[in-house]
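S.K.: Structure file data.pdb (PDB, C-alpha atoms and all ligand atoms) is given on the next line.
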```pdb
ATOM      1  CA  MET A   1       0.000   0.000   0.000
ATOM      2  CA  LYS A   2       1.286   3.439  -0.949
ATOM      3  CA  THR A   3       2.051   5.745   1.973
ATOM      4  CA  LEU A   4       0.052   8.960   1.824
ATOM      5  CA  LYS A   5       1.857  12.267   2.102
ATOM      6  CA  ILE A   6       0.423  15.389   3.652
ATOM      7  CA  ALA A   7       2.170  18.771   3.390
ATOM      8  CA  ILE A   8       1.844  21.249   6.251
ATOM      9  CA  GLN A   9       3.583  24.537   7.061
ATOM     10  CA  LYS A  10       7.026  24.065   8.607
ATOM     11  CA  SER A  11       6.902  27.137  10.802
ATOM     12  CA  GLY A  12       4.591  30.090  11.004
ATOM     13  CA  ARG A  13       0.993  30.809  11.834
ATOM     14  CA  LEU A  14      -0.468  27.539  10.557
ATOM     15  CA  ASN A  15       2.168  25.123  11.854
ATOM     16  CA  GLU A  16       1.003  24.624  15.423
ATOM     17  CA  LYS A  17      -2.702  24.157  14.630
ATOM     18  CA  SER A  18      -1.906  21.860  11.696
ATOM     19  CA  VAL A  19       0.204  19.630  13.938
ATOM     20  CA  GLU A  20      -2.478  19.790  16.637
ATOM     21  CA  ILE A  21      -5.307  18.680  14.382
ATOM     22  CA  LEU A  22      -3.276  15.728  13.092
ATOM     23  CA  LYS A  23      -2.328  14.715  16.646
ATOM     24  CA  ASN A  24      -5.990  15.017  17.695
ATOM     25  CA  CYS A  25      -6.774  12.561  14.907
ATOM     26  CA  GLY A  26      -4.774  10.046  16.909
ATOM     27  CA  LEU A  27      -1.732  10.188  14.633
ATOM     28  CA  SER A  28       1.522   9.556  16.420
ATOM     29  CA  PHE A  29       4.616  11.311  15.058
ATOM     30  CA  GLU A  30       7.689  13.214  16.172
ATOM     31  CA  ASN A  31       7.585  16.923  15.493
ATOM     32  CA  TYR A  32      11.181  18.128  15.543
ATOM     33  CA  LYS A  33      11.700  21.703  14.396
ATOM     34  CA  SER A  34      14.622  20.563  12.260
ATOM     35  CA  SER A  35      12.932  17.768  10.350
ATOM     36  CA  LEU A  36      11.458  18.173   6.892
ATOM     37  CA  ILE A  37       9.583  14.919   6.980
ATOM     38  CA  ALA A  38       7.981  12.845   9.728
ATOM     39  CA  THR A  39       6.640   9.323   9.538
ATOM     40  CA  VAL A  40       3.404   8.562  11.349
ATOM     41  CA  ALA A  41       3.851   5.427  13.440
ATOM     42  CA  ASN A  42       0.220   4.275  13.489
ATOM     43  CA  PHE A  43      -1.141   5.314  10.061
ATOM     44  CA  PRO A  44       0.271   4.959   6.527
ATOM     45  CA  LEU A  45       1.129   8.661   6.344
ATOM     46  CA  GLU A  46       4.172  10.881   5.990
ATOM     47  CA  ILE A  47       4.121  14.544   6.929
ATOM     48  CA  LEU A  48       6.129  16.984   4.819
ATOM     49  CA  PHE A  49       7.017  20.287   6.474
ATOM     50  CA  LEU A  50       7.176  23.040   3.847
ATOM     51  CA  ARG A  51       6.865  26.793   3.331
ATOM     52  CA  ASP A  52       3.171  27.492   2.986
ATOM     53  CA  ASP A  53       3.635  29.092  -0.454
ATOM     54  CA  ASP A  54       4.940  25.796  -1.852
ATOM     55  CA  ILE A  55       2.109  23.613  -0.552
ATOM     56  CA  PRO A  56      -0.542  24.177  -3.288
ATOM     57  CA  GLU A  57       1.879  23.299  -6.081
ATOM     58  CA  TYR A  58       3.269  20.255  -4.282
ATOM     59  CA  VAL A  59      -0.286  18.972  -3.953
ATOM     60  CA  GLN A  60      -1.223  19.903  -7.517
ATOM     61  CA  ASP A  61       1.831  18.024  -8.828
ATOM     62  CA  GLY A  62       1.148  14.969  -6.654
ATOM     63  CA  ILE A  63       4.392  15.254  -4.654
ATOM     64  CA  ALA A  64       2.083  15.434  -1.658
ATOM     65  CA  ASP A  65      -1.383  13.851  -1.774
ATOM     66  CA  LEU A  66      -2.893  16.249   0.728
ATOM     67  CA  GLY A  67      -2.037  19.648   2.156
ATOM     68  CA  ILE A  68      -3.085  22.089   4.855
ATOM     69  CA  VAL A  69      -2.788  25.711   3.749
ATOM     70  CA  GLY A  70      -4.586  29.071   3.762
ATOM     71  CA  GLU A  71      -7.190  29.692   1.037
ATOM     72  CA  ASN A  72      -5.423  32.959   0.223
ATOM     73  CA  VAL A  73      -2.217  31.088  -0.608
ATOM     74  CA  ILE A  74      -4.108  28.570  -2.765
ATOM     75  CA  ILE A  75      -5.816  31.248  -4.825
ATOM     76  CA  GLU A  76      -2.655  33.307  -5.101
ATOM     77  CA  SER A  77      -0.726  30.263  -6.354
ATOM     78  CA  GLY A  78      -3.311  29.508  -9.050
ATOM     79  CA  ALA A  79      -2.770  25.807  -8.334
ATOM     80  CA  ASN A  80      -5.377  23.342  -9.498
ATOM     81  CA  VAL A  81      -6.383  21.555  -6.279
ATOM     82  CA  SER A  82      -9.646  20.574  -4.631
ATOM     83  CA  TYR A  83     -10.875  21.604  -1.189
ATOM     84  CA  LEU A  84     -11.726  18.657   1.051
ATOM     85  CA  GLN A  85     -12.479  20.474   4.297
ATOM     86  CA  LYS A  86     -12.322  23.910   5.864
ATOM     87  CA  LEU A  87     -10.406  23.601   9.127
ATOM     88  CA  GLY A  88     -11.591  26.573  11.188
ATOM     89  CA  PHE A  89      -8.176  28.046  12.028
ATOM     90  CA  GLY A  90      -5.785  30.535  10.389
ATOM     91  CA  LYS A  91      -8.728  32.852   9.829
ATOM     92  CA  CYS A  92      -7.903  36.236   8.376
ATOM     93  CA  THR A  93      -9.228  38.866   5.977
ATOM     94  CA  LEU A  94      -7.417  40.397   3.037
ATOM     95  CA  LYS A  95      -8.194  44.075   2.783
ATOM     96  CA  ILE A  96      -7.360  47.143   0.793
ATOM     97  CA  ALA A  97      -6.171  49.879   3.175
ATOM     98  CA  VAL A  98      -5.541  53.552   2.539
ATOM     99  CA  PRO A  99      -3.830  56.344   4.519
ATOM    100  CA  SER A 100      -5.893  57.373   7.586
ATOM    101  CA  THR A 101      -6.183  60.900   6.203
ATOM    102  CA  SER A 102      -7.578  59.693   2.869
ATOM    103  CA  THR A 103     -11.103  60.774   1.948
ATOM    104  CA  ILE A 104     -11.514  57.948  -0.545
ATOM    105  CA  SER A 105     -15.029  56.483  -0.384
ATOM    106  CA  ASP A 106     -15.502  54.692  -3.672
ATOM    107  CA  LEU A 107     -13.524  51.838  -5.198
ATOM    108  CA  GLN A 108     -13.381  53.654  -8.548
ATOM    109  CA  GLN A 109     -11.293  56.346  -6.895
ATOM    110  CA  LEU A 110      -8.429  53.823  -6.947
ATOM    111  CA  ASP A 111      -8.295  54.211 -10.736
ATOM    112  CA  GLY A 112      -4.770  55.212 -11.732
ATOM    113  CA  LYS A 113      -3.498  54.725  -8.170
ATOM    114  CA  ALA A 114      -0.686  52.362  -7.090
ATOM    115  CA  ILE A 115      -1.442  49.546  -4.628
ATOM    116  CA  ALA A 116       1.382  47.648  -2.903
ATOM    117  CA  THR A 117       0.789  43.969  -2.108
ATOM    118  CA  SER A 118       2.267  40.490  -1.736
ATOM    119  CA  TYR A 119      -0.969  39.074  -3.191
ATOM    120  CA  PRO A 120      -0.995  40.438  -6.748
ATOM    121  CA  VAL A 121      -3.130  37.636  -8.211
ATOM    122  CA  ILE A 122      -6.010  38.005  -5.736
ATOM    123  CA  LEU A 123      -5.853  41.787  -6.015
ATOM    124  CA  GLU A 124      -5.801  41.774  -9.793
ATOM    125  CA  LYS A 125      -8.856  39.488  -9.941
ATOM    126  CA  TYR A 126     -10.723  41.733  -7.541
ATOM    127  CA  LEU A 127      -9.852  44.958  -9.356
ATOM    128  CA  LYS A 128     -10.778  43.424 -12.693
ATOM    129  CA  ALA A 129     -14.117  42.161 -11.374
ATOM    130  CA  ASN A 130     -14.867  45.665 -10.155
ATOM    131  CA  GLY A 131     -13.601  47.472 -13.246
ATOM    132  CA  VAL A 132     -10.856  49.342 -11.420
ATOM    133  CA  ASP A 133      -7.701  50.192 -13.332
ATOM    134  CA  ALA A 134      -5.026  50.520 -10.644
ATOM    135  CA  GLN A 135      -1.332  49.754 -10.783
ATOM    136  CA  ILE A 136      -0.251  46.760  -8.688
ATOM    137  CA  ARG A 137       3.166  47.010  -6.972
ATOM    138  CA  ASN A 138       4.213  43.496  -6.059
ATOM    139  CA  ILE A 139       6.451  43.519  -2.979
ATOM    140  CA  SER A 140       7.241  40.541  -0.800
ATOM    141  CA  GLY A 141       6.980  41.914   2.710
ATOM    142  CA  SER A 142       6.226  44.923   4.948
ATOM    143  CA  VAL A 143       3.620  46.081   2.477
ATOM    144  CA  GLU A 144       2.154  48.490   5.039
ATOM    145  CA  ILE A 145       5.108  50.876   4.768
ATOM    146  CA  GLY A 146       4.365  51.426   1.037
ATOM    147  CA  PRO A 147       2.284  54.612   1.341
ATOM    148  CA  GLY A 148       4.634  56.119   3.962
ATOM    149  CA  LEU A 149       7.582  55.656   1.587
ATOM    150  CA  GLY A 150       5.677  57.081  -1.346
ATOM    151  CA  LEU A 151       5.788  53.684  -3.048
ATOM    152  CA  SER A 152       2.021  53.348  -3.305
ATOM    153  CA  ASP A 153      -1.253  55.132  -2.596
ATOM    154  CA  ALA A 154      -2.864  52.116  -0.948
ATOM    155  CA  ILE A 155      -2.004  48.597   0.152
ATOM    156  CA  PHE A 156      -3.636  45.197  -0.095
ATOM    157  CA  ASP A 157      -2.709  42.778   2.675
ATOM    158  CA  ILE A 158      -3.852  40.388   5.395
ATOM    159  CA  VAL A 159      -5.338  42.359   8.253
ATOM    160  CA  SER A 160      -6.260  40.748  11.542
ATOM    161  CA  THR A 161      -6.629  43.309  14.341
ATOM    162  CA  GLY A 162      -5.820  46.433  12.354
ATOM    163  CA  GLY A 163      -3.070  47.382  14.839
ATOM    164  CA  THR A 164      -0.340  47.222  12.206
ATOM    165  CA  LEU A 165      -2.376  49.367   9.851
ATOM    166  CA  LYS A 166      -2.987  51.981  12.519
ATOM    167  CA  SER A 167       0.646  52.193  13.572
ATOM    168  CA  ASN A 168       1.547  52.822   9.924
ATOM    169  CA  GLY A 169      -1.020  55.568   9.507
ATOM    170  CA  LEU A 170      -3.427  53.430   7.488
ATOM    171  CA  LYS A 171      -7.098  52.477   7.758
ATOM    172  CA  PRO A 172      -9.057  49.606   6.222
ATOM    173  CA  PHE A 173     -11.038  50.537   3.132
ATOM    174  CA  LYS A 174     -12.400  47.339   1.485
ATOM    175  CA  ASN A 175     -12.621  43.699   2.587
ATOM    176  CA  VAL A 176     -11.663  41.615  -0.410
ATOM    177  CA  MET A 177     -11.439  38.042   0.847
ATOM    178  CA  ASP A 178     -11.892  35.970   4.006
ATOM    179  CA  SER A 179      -9.516  33.074   4.360
ATOM    180  CA  GLU A 180      -8.950  30.113   6.631
ATOM    181  CA  ALA A 181      -6.834  26.978   6.588
ATOM    182  CA  VAL A 182      -8.228  24.189   4.414
ATOM    183  CA  LEU A 183      -7.396  20.577   3.703
ATOM    184  CA  ILE A 184      -6.669  20.151  -0.002
ATOM    185  CA  ALA A 185      -6.061  17.237  -2.358
ATOM    186  CA  GLY A 186      -4.867  17.002  -5.928
ATOM    187  CA  ASN A 187      -7.671  17.664  -8.371
ATOM    188  CA  GLY A 188      -9.135  14.366  -9.525
ATOM    189  CA  MET A 189      -7.077  12.406  -7.012
ATOM    190  CA  GLU A 190      -8.686   9.147  -6.002
ATOM    191  CA  LEU A 191      -9.957   9.522  -2.439
ATOM    192  CA  ASN A 192      -8.894   6.070  -1.337
ATOM    193  CA  GLU A 193      -9.743   4.384   1.938
ATOM    194  CA  GLU A 194      -6.877   6.007   3.852
ATOM    195  CA  VAL A 195      -7.816   9.506   2.679
ATOM    196  CA  GLN A 196     -11.452   8.884   3.612
ATOM    197  CA  GLU A 197     -10.414   7.582   7.020
ATOM    198  CA  LEU A 198      -8.234  10.633   7.671
ATOM    199  CA  LEU A 199     -10.961  12.989   6.478
ATOM    200  CA  GLN A 200     -13.502  11.333   8.787
ATOM    201  CA  ARG A 201     -11.143  11.654  11.732
ATOM    202  CA  ILE A 202     -10.535  15.319  10.974
ATOM    203  CA  GLN A 203     -14.283  15.932  10.712
ATOM    204  CA  SER A 204     -14.941  14.232  14.038
ATOM    205  CA  VAL A 205     -12.292  16.408  15.695
ATOM    206  CA  LEU A 206     -13.840  19.537  14.131
ATOM    207  CA  ARG A 207     -17.342  18.547  15.250
ATOM    208  CA  ALA A 208     -16.084  17.960  18.782
ATOM    209  CA  LYS A 209     -14.286  21.296  18.847
ATOM    210  CA  ALA A 210     -17.452  23.136  17.851
ATOM    211  CA  THR A 211     -19.373  21.655  20.789
ATOM    212  CA  LYS A 212     -19.226  21.315  24.586
ATOM    213  CA  TYR A 213     -20.464  18.559  26.857
ATOM    214  CA  VAL A 214     -22.886  19.888  29.449
ATOM    215  CA  VAL A 215     -24.147  18.215  32.626
ATOM    216  CA  LEU A 216     -26.675  19.992  34.829
ATOM    217  CA  ASN A 217     -29.170  19.304  37.572
ATOM    218  CA  VAL A 218     -32.815  20.265  37.362
ATOM    219  CA  GLU A 219     -35.989  19.676  39.326
ATOM    220  CA  LYS A 220     -38.366  17.390  37.424
ATOM    221  CA  SER A 221     -41.002  20.132  37.268
ATOM    222  CA  ASN A 222     -38.570  22.238  35.181
ATOM    223  CA  LEU A 223     -37.203  19.346  33.112
ATOM    224  CA  GLN A 224     -39.216  19.908  29.937
ATOM    225  CA  ALA A 225     -38.234  23.584  29.744
ATOM    226  CA  VAL A 226     -34.540  22.647  30.099
ATOM    227  CA  VAL A 227     -34.732  19.753  27.628
ATOM    228  CA  ASP A 228     -36.392  22.035  25.064
ATOM    229  CA  LEU A 229     -33.167  24.069  25.056
ATOM    230  CA  LEU A 230     -30.851  21.079  24.587
ATOM    231  CA  PRO A 231     -30.438  19.045  21.413
ATOM    232  CA  GLY A 232     -27.826  16.444  22.434
ATOM    233  CA  VAL A 233     -26.260  14.334  19.658
ATOM    234  CA  LYS A 234     -29.563  12.473  19.322
ATOM    235  CA  SER A 235     -31.416  13.775  22.396
ATOM    236  CA  PRO A 236     -30.315  14.560  25.961
ATOM    237  CA  THR A 237     -29.624  11.812  28.508
ATOM    238  CA  ILE A 238     -31.648  12.051  31.727
ATOM    239  CA  VAL A 239     -30.328  10.358  34.877
ATOM    240  CA  PRO A 240     -32.160  10.359  38.252
ATOM    241  CA  LEU A 241     -30.408  12.025  41.175
ATOM    242  CA  PHE A 242     -30.357  10.431  44.623
ATOM    243  CA  GLU A 243     -32.462  13.339  45.844
ATOM    244  CA  GLU A 244     -36.120  12.673  45.050
ATOM    245  CA  GLY A 245     -37.638  14.876  42.353
ATOM    246  CA  TRP A 246     -34.323  15.851  40.719
ATOM    247  CA  VAL A 247     -32.510  14.644  37.600
ATOM    248  CA  ALA A 248     -29.173  15.260  35.885
ATOM    249  CA  VAL A 249     -29.291  16.142  32.185
ATOM    250  CA  HIS A 250     -26.321  15.307  29.911
ATOM    251  CA  SER A 251     -26.119  16.972  26.510
ATOM    252  CA  VAL A 252     -23.896  18.690  23.952
ATOM    253  CA  ILE A 253     -24.247  22.298  22.884
ATOM    254  CA  ALA A 254     -22.689  24.343  20.122
ATOM    255  CA  GLU A 255     -19.762  26.521  21.135
ATOM    256  CA  GLN A 256     -21.110  29.450  19.131
ATOM    257  CA  ASP A 257     -24.312  29.881  21.120
ATOM    258  CA  PHE A 258     -22.762  28.712  24.361
ATOM    259  CA  TRP A 259     -23.289  31.749  26.610
ATOM    260  CA  GLU A 260     -26.801  32.425  25.401
ATOM    261  CA  LYS A 261     -27.720  28.775  26.012
ATOM    262  CA  ILE A 262     -26.196  28.721  29.501
ATOM    263  CA  ASN A 263     -28.108  31.853  30.515
ATOM    264  CA  ASN A 264     -31.350  30.437  29.137
ATOM    265  CA  LEU A 265     -30.745  27.139  30.940
ATOM    266  CA  LYS A 266     -30.221  28.948  34.235
ATOM    267  CA  ALA A 267     -33.398  30.922  33.693
ATOM    268  CA  ALA A 268     -35.246  27.647  33.013
ATOM    269  CA  GLY A 269     -34.151  26.240  36.380
ATOM    270  CA  ALA A 270     -30.858  24.458  35.622
ATOM    271  CA  GLN A 271     -28.381  24.277  38.515
ATOM    272  CA  GLY A 272     -24.817  23.058  39.041
ATOM    273  CA  ILE A 273     -23.990  23.354  35.344
ATOM    274  CA  VAL A 274     -20.732  21.587  34.440
ATOM    275  CA  VAL A 275     -19.214  22.173  30.989
ATOM    276  CA  MET A 276     -16.510  19.951  29.528
ATOM    277  CA  PRO A 277     -14.542  19.873  26.282
ATOM    278  CA  ILE A 278     -15.235  16.996  23.894
ATOM    279  CA  GLU A 279     -12.385  15.170  22.228
ATOM    280  CA  LYS A 280     -14.178  13.515  19.319
ATOM    281  CA  ILE A 281     -17.709  12.981  18.029
ATOM    282  CA  ILE A 282     -18.130   9.917  15.836
ATOM    283  CA  THR A 283     -21.466   9.904  14.063
TER     284      THR A 283
HETATM  285  P1  LIG B 301       6.176  30.696   5.293
HETATM  286  O1  LIG B 301       7.515  30.828   5.942
HETATM  287  O2  LIG B 301       5.624  29.304   5.465
HETATM  288  O3  LIG B 301       6.166  31.165   3.868
HETATM  289  P2  LIG B 301       4.568  33.065   5.832
HETATM  290  O4  LIG B 301       5.403  34.087   6.506
HETATM  291  O5  LIG B 301       4.269  33.203   4.386
HETATM  292  O6  LIG B 301       5.186  31.630   6.141
HETATM  293  P3  LIG B 301       2.551  33.170   7.948
HETATM  294  O7  LIG B 301       2.701  34.577   8.430
HETATM  295  O8  LIG B 301       3.002  32.065   8.832
HETATM  296  O9  LIG B 301       3.138  32.957   6.475
HETATM  297  O10 LIG B 301       0.999  32.974   7.604
HETATM  298  C1  LIG B 301       0.543  31.795   7.044
HETATM  299  C2  LIG B 301      -0.934  31.928   6.745
HETATM  300  O11 LIG B 301      -1.646  32.169   7.955
HETATM  301  C3  LIG B 301      -1.348  33.083   5.864
HETATM  302  O12 LIG B 301      -1.151  32.815   4.496
HETATM  303  C4  LIG B 301      -2.829  33.195   6.198
HETATM  304  O13 LIG B 301      -3.570  32.230   5.470
HETATM  305  C5  LIG B 301      -2.877  32.805   7.659
HETATM  306  N1  LIG B 301      -3.056  33.944   8.607
HETATM  307  C6  LIG B 301      -3.979  34.004   9.587
HETATM  308  N2  LIG B 301      -3.909  35.146  10.277
HETATM  309  C7  LIG B 301      -2.920  35.860   9.755
HETATM  310  C8  LIG B 301      -2.352  37.127  10.035
HETATM  311  N3  LIG B 301      -2.805  37.900  11.015
HETATM  312  N4  LIG B 301      -1.319  37.540   9.296
HETATM  313  C9  LIG B 301      -0.821  36.752   8.324
HETATM  314  N5  LIG B 301      -1.326  35.531   8.006
HETATM  315  C10 LIG B 301      -2.364  35.089   8.698
HETATM  316 ZN    ZN B 302       4.629  32.054   2.963
END
```
Before we go any further, please render this structure as C-alpha cells.

M.R.:
Amino acid sequence: MKTLKIAIQKSGRLNEKSVEILKNCGLSFENYKSSLIATVANFPLEILFLRDDDIPEYVQDGIADLGIVGENVIIESGANVSYLQKLGFGKCTLKIAVPSTSTISDLQQLDGKAIATSYPVILEKYLKANGVDAQIRNISGSVEIGPGLGLSDAIFDIVSTGGTLKSNGLKPFKNVMDSEAVLIAGNGMELNEEVQELLQRIQSVLRAKATKYVVLNVEKSNLQAVVDLLPGVKSPTIVPLFEEGWVAVHSVIAEQDFWEKINNLKAAGAQGIVVMPIEKIIT
C-alpha cells in the first residue's frame, strides 16, 4: 500500500494548529523543528514540512497527496487543487487599506493609483471584477510601509486586528477576501480508503471542537423547559439524582451559542452546570 503524504507549514501561523489537528486525529509522530519529513507510526502517512507558499503546487503536482494551507495562498498560487475540508483556524481577511487621512469612499477612486501587495493575483482578480484600473506594486513583505515611503497610494494585505495598519497611519477601506486553513487534495485524485479515514477523523475532531459537553441538575417540574433548550447528539440523557424529584441532564451544545444557552438554561431552572470539552464525536 502506498504511503500517503500530507504537506503542512514548517513554521509560522499555521504550523502549530496543523500539527495539533493531526495529533488530535490520533496520529503519532515526532515533530522536531529541524525535520522536513515525519513518519506517522500508526497510520500509513508521511508529513512533509514546507513553506506554505509551496504547498498548493506540491499537492497539484502529486508530490504530496494532501495539504493544509490558507485559502489565500491557494488562490494566489493559481494551483489546481480541490478543497476537502475547511479547518476553522488561520482565519484572516485580506483588505485594501488607505492612509488614515484619505477621503476615498468609492472603489473607482483607486483608478490610476498604485497599490502595494504580496498578493498580486487576488488583487488583480478583484480589481478586474470591479472594473478598477489601478497599478499593482508586487512587494514581498512589509507592504504596510508602502504609502509612507511614497511607493504606493494604498495597500492590499492580510489584516487581523488592524493594529499594524494603525501604527503605519493606514485604515481599512475594502474587505476583499476571508480566508482560513483548508485541507486540499490534488484535483481528480482518487480519495482512497486512507484519505477517507483521515478525512472522517478530521471531521470528528472539528465537530467535537465546535461543541461542549454539558451536565446539569434540574428539578423534574422544570425538566421539559430545560430539555427544550438542549439538542444532544440524538437527544439529551436524563439520569435520576439520589435526591427525590431531581434529575441530571447530559447533553452537547454548540460553542457558538454557548453563553446564550447557559443563561437560558439557568433561567429555566438548571443548577450546578458543568461544561466539559469533547475530544471527538463519531457519528
Ligand atoms: P512561510 O515561511 O511558510 O512562507 P509566511 O510568513 O508566508 O510563512 P505566515 O505569516 O506564517 O506565512 O501565515 C501563514 C498563513 O496564515 C497566511 O497565508 C494566512 O492564510 C494565515 N493567517 C492568519 N492570520 C494571519 C495574520 N494575522 N497575518 C498573516 N497571516 C495570517
Ligand atoms: Zn509564505

S.K.: I'd like the contact shell of range 194-204 of chain A - 8 Å cut-off, only C-alpha atoms, skipping same-chain residues fewer than 3 positions apart - returned as a list in words.

M.R.: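 My reading of the contact set: Leu4, Ile21, Leu22, Cys25, Pro44, Leu84, Gln85, Leu191, Arg207, Ala208, Lys280, Ile281, Ile282 and Thr283 of chain A.
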
S.K.: The centre and edge lengths of an axis-aligned box containing all atoms of ligand LIG 301 (chain B) present in the file, extended by 5 Å on each side, are to be given in Å to one decimal, as lines of an AutoDock Vina configuration file.

M.R.:
```
center_x = 1.8
center_y = 33.6
center_z = 7.4
size_x = 21.5
size_y = 18.6
size_z = 17.1
```

S.K.: Can you list, as a count of residues only, the residues that the PyMOL selection byres (((not hetatm)) within 8 of (chain B and resi 301)) selects here?

M.R.: 29

S.K.: Between A:Ser28, A:Asn175, A:Thr211, A:Gln271, which is the closest to Ala254 in chain A once you count only C-alpha atoms?

M.R.: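 Closest to Ala254 in chain A, using only C-alpha atoms: A:Thr211.
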
S.K.: What would the list of residues within 10 Å of (1.1, 21.9, -0.1) (file frame) look like as an MDAnalysis selection string, if only C-alpha atoms are what count?

M.R.: chainID A and resid 5:9 48:70 73:74 79 81 183:186

S.K.: Using the chain letters and numbers from this file, what does the PyMOL selection byres (((chain A and resi 41) around 8) and not hetatm) select? Give the answer as number ranges by chain.

M.R.: A: 27-29, 39-40, 42-44

S.K.: My list of candidates is A:Ala116, A:Val247, A:Val214, A:Val227. Which is closest to Leu151 in chain A when distances are computed with all atoms listed in the file?

M.R.: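 Comparing A:Ala116, A:Val247, A:Val214, A:Val227 against Leu151 in chain A, the winner is A:Ala116.
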
S.K.: Give me, please, the distance in Å between CA of Thr117 in chain A and CA of Phe156 in chain A, quoted to one decimal.

M.R.: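 Computed distance, CA of Thr117 in chain A to CA of Phe156 in chain A, equals 5.0 Å.
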
S.K.: Evaluating the PyMOL selection byres (((chain A and resi 240) around 12) and not hetatm) on the displayed file yields which residues, as a list in words?

M.R.: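 Evaluating the PyMOL selection byres (((chain A and resi 240) around 12) and not hetatm) on this file yields Leu216, Asn217, Val218, Glu219, Lys220, Leu223, Thr237, Ile238, Val239, Leu241, Phe242, Glu243, Glu244, Gly245, Trp246, Val247, Ala248, Val249 and His250 of chain A.
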
S.K.: What does the distance between CA of Ser105 in chain A and CA of Glu76 in chain A come to in Å, to one decimal place?

M.R.: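 A separation of 26.7 Å between them.
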